[in-house]
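Here is the file entry.tsv (TSV, C-alpha atoms).
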```
chain	number	residue	atom	x	y	z
D	14	MET	CA	95.31	99.92	75.97
D	15	VAL	CA	96.56	97.93	78.95
D	16	GLN	CA	96.32	94.16	78.50
D	17	LEU	CA	95.56	92.12	81.62
D	18	ILE	CA	97.76	88.99	81.55
D	19	SER	CA	96.86	87.46	84.92
D	20	GLU	CA	94.83	88.46	87.96
D	21	ASP	CA	93.86	87.10	91.36
D	22	GLU	CA	92.67	88.78	94.56
D	23	HIS	CA	96.20	89.95	95.42
D	24	ILE	CA	97.99	90.91	92.18
D	25	ALA	CA	97.39	92.02	88.61
D	26	VAL	CA	99.98	91.32	85.92
D	27	VAL	CA	99.70	93.48	82.82
D	28	LEU	CA	101.29	94.24	79.48
D	29	LYS	CA	101.93	97.99	79.56
D	30	PRO	CA	101.92	99.63	76.13
D	31	ALA	CA	104.43	102.29	75.18
D	32	GLY	CA	103.13	105.79	75.83
D	33	MET	CA	101.38	105.04	79.14
D	34	LEU	CA	102.63	106.04	82.58
D	35	SER	CA	103.35	103.12	84.91
D	36	GLU	CA	102.70	105.34	87.96
D	37	GLY	CA	100.57	108.36	88.81
D	38	GLU	CA	97.02	109.31	87.93
D	39	GLY	CA	95.15	110.41	84.82
D	40	ALA	CA	93.81	108.98	81.60
D	41	SER	CA	97.27	107.88	80.41
D	42	SER	CA	98.13	106.02	83.63
D	43	VAL	CA	98.16	102.22	83.93
D	44	ILE	CA	96.94	102.57	87.52
D	45	THR	CA	93.82	104.47	86.43
D	46	ALA	CA	93.07	101.90	83.73
D	47	LEU	CA	93.60	98.98	86.12
D	48	ARG	CA	91.31	100.45	88.76
D	49	GLU	CA	88.53	100.50	86.22
D	50	MET	CA	89.32	97.00	84.91
D	51	CYS	CA	89.70	95.33	88.33
D	52	GLY	CA	87.28	97.42	90.37
D	53	THR	CA	89.71	97.77	93.26
D	54	GLU	CA	92.56	99.91	94.54
D	55	ILE	CA	95.89	99.42	92.73
D	56	TYR	CA	99.34	99.77	94.27
D	57	PRO	CA	102.44	100.29	92.08
D	58	ILE	CA	105.45	98.07	92.83
D	59	HIS	CA	107.99	98.96	90.16
D	60	ARG	CA	108.08	101.21	87.11
D	61	LEU	CA	108.79	101.30	83.41
D	62	ASP	CA	109.64	104.42	81.44
D	63	LYS	CA	106.67	105.92	79.63
D	64	GLU	CA	108.22	105.02	76.26
D	65	THR	CA	108.91	101.41	77.30
D	66	ALA	CA	106.40	98.58	76.88
D	67	GLY	CA	106.35	95.29	78.72
D	68	VAL	CA	105.25	93.08	81.59
D	69	MET	CA	104.50	94.64	84.98
D	70	VAL	CA	102.96	93.52	88.27
D	71	TYR	CA	100.71	95.62	90.50
D	72	ALA	CA	99.34	94.81	93.97
D	73	LYS	CA	95.63	94.91	94.76
D	74	ASN	CA	95.95	95.30	98.52
D	75	LYS	CA	98.43	96.72	101.05
D	76	LYS	CA	99.66	93.33	102.26
D	77	ALA	CA	100.59	92.21	98.75
D	78	ALA	CA	102.15	95.60	98.05
D	79	ALA	CA	104.37	95.34	101.13
D	80	LYS	CA	105.52	91.82	100.25
D	81	LEU	CA	106.28	92.69	96.63
D	82	SER	CA	108.03	95.92	97.59
D	83	GLU	CA	110.24	93.90	99.92
D	84	GLN	CA	111.20	91.68	96.97
D	85	VAL	CA	112.09	94.80	94.97
D	86	ARG	CA	114.34	96.06	97.77
D	87	GLU	CA	116.04	92.66	98.04
D	88	ASN	CA	116.46	92.44	94.24
D	89	LYS	CA	114.29	89.31	94.09
D	90	ILE	CA	112.02	90.48	91.28
D	91	HIS	CA	113.86	89.46	88.13
D	92	LYS	CA	113.38	91.33	84.85
D	93	LYS	CA	114.55	90.60	81.33
D	94	TYR	CA	114.36	92.92	78.35
D	95	TYR	CA	114.73	92.94	74.59
D	96	ALA	CA	116.41	96.02	73.12
D	97	VAL	CA	117.38	96.92	69.56
D	98	LEU	CA	120.76	98.66	69.47
D	99	THR	CA	121.78	101.05	66.69
D	100	ALA	CA	125.24	99.45	66.50
D	101	VAL	CA	126.45	95.86	66.68
D	102	PRO	CA	128.68	95.25	69.72
D	103	GLU	CA	132.06	93.66	69.12
D	104	VAL	CA	131.49	91.56	72.26
D	105	LYS	CA	128.37	89.42	71.81
D	106	GLU	CA	127.89	88.58	75.47
D	107	ALA	CA	129.03	90.66	78.45
D	108	THR	CA	128.20	92.35	81.74
D	109	LEU	CA	128.07	96.14	81.87
D	110	GLU	CA	128.83	97.88	85.15
D	111	ASP	CA	128.72	101.64	85.63
D	112	LEU	CA	128.16	104.44	88.12
D	113	LEU	CA	125.05	106.44	87.23
D	114	PHE	CA	123.98	109.93	88.26
D	115	ARG	CA	120.36	110.94	87.86
D	116	ASP	CA	119.60	114.59	87.06
D	117	LYS	CA	115.94	114.90	88.04
D	118	GLN	CA	115.55	118.44	86.66
D	119	LYS	CA	116.68	117.33	83.18
D	120	ASN	CA	115.06	113.87	83.53
D	121	LYS	CA	118.29	112.35	82.32
D	122	THR	CA	120.84	109.86	83.65
D	123	TYR	CA	124.59	110.07	83.12
D	124	VAL	CA	127.50	107.65	83.46
D	125	VAL	CA	130.08	109.14	85.85
D	126	LYS	CA	133.54	108.05	86.94
D	127	ARG	CA	133.42	108.30	90.72
D	128	MET	CA	131.03	107.71	93.57
D	129	ARG	CA	129.50	110.83	95.13
D	130	LYS	CA	126.15	111.98	96.47
D	131	GLY	CA	123.34	110.87	94.18
D	132	VAL	CA	125.46	108.31	92.31
D	133	ARG	CA	124.40	104.66	92.27
D	134	ASP	CA	125.97	101.53	90.86
D	135	ALA	CA	124.32	99.86	87.87
D	136	SER	CA	124.77	96.40	86.41
D	137	LEU	CA	123.25	94.38	83.59
D	138	SER	CA	124.25	91.47	81.39
D	139	TYR	CA	123.41	91.07	77.73
D	140	GLU	CA	123.61	88.61	74.88
D	141	ILE	CA	123.27	89.58	71.22
D	142	ILE	CA	120.81	87.12	69.70
D	143	GLY	CA	120.33	88.66	66.25
D	144	THR	CA	121.64	91.28	63.83
D	145	SER	CA	120.02	92.97	60.81
D	146	GLU	CA	120.56	96.22	58.89
D	147	ASN	CA	123.43	97.20	61.23
D	148	LEU	CA	121.04	96.82	64.18
D	149	ALA	CA	121.47	94.30	66.99
D	150	LEU	CA	118.87	92.54	69.13
D	151	ALA	CA	120.05	92.28	72.74
D	152	ASP	CA	118.60	89.95	75.36
D	153	ILE	CA	119.21	91.80	78.62
D	154	THR	CA	119.09	90.65	82.24
D	155	LEU	CA	118.75	93.60	84.58
D	156	LYS	CA	120.68	93.24	87.83
D	157	THR	CA	119.88	96.68	89.24
D	158	GLY	CA	116.88	98.89	88.55
D	159	ARG	CA	118.12	102.42	87.89
D	160	THR	CA	116.16	105.03	85.94
D	161	HIS	CA	117.01	104.85	82.21
D	162	GLN	CA	119.71	102.32	83.10
D	163	ILE	CA	119.60	100.17	79.96
D	164	ARG	CA	119.31	103.20	77.72
D	165	VAL	CA	122.26	105.10	79.16
D	166	GLN	CA	124.58	102.13	79.68
D	167	PHE	CA	124.42	101.22	75.99
D	168	ALA	CA	124.38	104.84	74.80
D	169	SER	CA	127.55	105.57	76.77
D	170	ARG	CA	129.24	102.85	74.69
D	171	LYS	CA	128.07	104.42	71.40
D	172	MET	CA	125.29	101.84	71.00
D	173	PRO	CA	122.10	103.81	71.80
D	174	LEU	CA	118.78	102.04	71.57
D	175	TYR	CA	116.79	102.49	68.38
D	176	GLY	CA	114.29	105.35	68.74
D	177	ASP	CA	115.86	106.73	71.91
D	178	GLY	CA	116.11	110.41	71.01
D	179	LYS	CA	117.04	111.38	74.57
D	180	TYR	CA	120.25	109.33	74.42
D	181	GLY	CA	121.19	109.57	70.75
D	182	GLY	CA	119.17	106.77	69.18
D	183	GLY	CA	117.26	108.92	66.69
D	184	GLY	CA	113.56	109.11	65.90
D	185	GLY	CA	110.90	106.42	65.95
D	186	LYS	CA	109.48	104.43	68.83
D	187	LEU	CA	111.88	103.32	71.54
D	188	ALA	CA	112.84	99.68	70.89
D	189	LEU	CA	112.92	98.50	74.50
D	190	PHE	CA	110.57	95.82	75.81
D	191	SER	CA	110.35	94.15	79.22
D	192	TYR	CA	109.54	90.60	78.14
D	193	SER	CA	109.98	88.54	81.33
D	194	LEU	CA	109.07	89.18	84.96
D	195	SER	CA	109.56	86.58	87.69
D	196	PHE	CA	108.90	86.83	91.43
D	197	SER	CA	107.41	85.00	94.40
D	198	HIS	CA	103.65	85.34	94.81
D	199	PRO	CA	103.18	87.69	97.79
D	200	VAL	CA	100.74	85.35	99.56
D	201	THR	CA	101.38	81.77	98.39
D	202	GLY	CA	105.13	82.15	97.99
D	203	GLU	CA	104.99	80.31	94.66
D	204	GLN	CA	107.71	81.33	92.21
D	205	ILE	CA	105.94	82.60	89.09
D	206	CYS	CA	107.07	84.00	85.76
D	207	PHE	CA	105.18	85.96	83.11
D	208	THR	CA	106.37	86.69	79.58
D	209	ALA	CA	105.23	88.62	76.50
D	210	LYS	CA	106.57	89.56	73.08
D	211	PRO	CA	106.92	92.93	71.36
D	212	ASP	CA	104.72	93.66	68.36
D	213	THR	CA	106.65	92.14	65.44
D	214	ALA	CA	104.49	94.06	62.95
D	215	ILE	CA	106.40	97.20	63.97
D	216	TYR	CA	109.87	98.23	62.82
D	217	PRO	CA	112.51	97.34	63.98
D	218	TRP	CA	111.01	94.36	65.88
D	219	ASN	CA	109.87	92.90	62.54
D	220	LEU	CA	113.53	92.41	61.59
D	221	PHE	CA	113.94	89.92	64.43
D	222	GLU	CA	110.62	88.08	64.40
D	223	GLU	CA	112.28	84.65	64.27
D	224	LYS	CA	114.44	85.48	67.30
D	225	LEU	CA	111.68	86.74	69.57
```

Mind turning this structure into structure tokens?
Amino acid sequence: MVQLISEDEHIAVVLKPAGMLSEGEGASSVITALREMCGTEIYPIHRLDKETAGVMVYAKNKKAAAKLSEQVRENKIHKKYYAVLTAVPEVKEATLEDLLFRDKQKNKTYVVKRMRKGVRDASLSYEIIGTSENLALADITLKTGRTHQIRVQFASRKMPLYGDGKYGGGGGKLALFSYSLSFSHPVTGEQICFTAKPDTAIYPWNLFEEKL
């Protein structure tokens, strides 16, 4: 179930659970749930993969949607993630930069070596803040917002995310959580930040409860 973190007449900030669609219609869509909760139209601003949980913001009117979408285009909405990697990186803190190609038919993203049509640059920085059972907890700052970016950038370095069957991380629930979202309020201009934590009763998050 979607958890409403904050709401005013212009925006709704929510904690999206894993398994719900961040866009689109239907019973499994955050937008459908929010319409019922808020009693108003809901406009998507950004997205999270269906398997990914975390903090999201939605607009409640067209003016707010336009302002927030402008921030997305200008890379002014800042997102941070926790991810559990299935290998411990030798480098504990680094920036990863790649060229990514998105195959829409296969719903999969690939790291490629040269720029061509459909290829986009991708960048993130990470810090390893905990290790346990040959798993590593990464604190990730996303610098670009490409589809499956975090998942494929680590998987291409033989460190797929736990539970990411699509990119070699095995079974279980995908251990990727958007824990921090900061942006300027679309009407007041105030810089605001919202945070949440993954469910530490669930493996493998329970291994890192003291770090989260």

Enumerate, in order of chain and increasing residue number, the residues of region 194-222 of chain D with an atom no farther than 9 Å from region 48-67 of chain D, each with its shortest atom pair and distance in Å to one decimal, counting only C-alpha atoms, as a Markdown table.
```
| residue | atom | partner | partner_atom | distance |
| --- | --- | --- | --- | --- |
| D:Thr208 | CA | D:Gly67 | CA | 8.6 |
| D:Ala209 | CA | D:Gly67 | CA | 7.1 |
| D:Lys210 | CA | D:Gly67 | CA | 8.0 |
| D:Pro211 | CA | D:Gly67 | CA | 7.8 |
```

Practice task
Would you list the contacts of Leu109 (chain D) as a list in words, taking every protein, DNA or RNA residue within 7 Å and counting all atoms listed in the file, but skipping same-chain residues closer than 2 positions in sequence?
Solution key: Ala107, Asp111, Ser136, Leu137 and Ser138 of chain D

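Ranking D:Glu146, D:Ala135, D:Phe196, D:Ala46 by their shortest atom-to-atom distance to Tyr175 (chain D), with all atoms listed in the file included, puts D:Glu146 first.
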
Problem - For Lys130 (chain D): contacts at 12 Å, all atoms listed in the file, fewer than 5 positions along chain excluded, given as a PyMOL selection string - result: chain D and resi 112-116+125

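The space between CA of Pro199 (chain D) and CA of Leu155 (chain D) spans 21.3 Å.
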
Exercise for the section: Give the answer as one residue: which of D:Arg164, D:Lys186, D:Lys156, D:His198 has the shortest atom-to-atom distance to Pro30 (chain D), using only C-alpha atoms? Expected result: D:Lys186
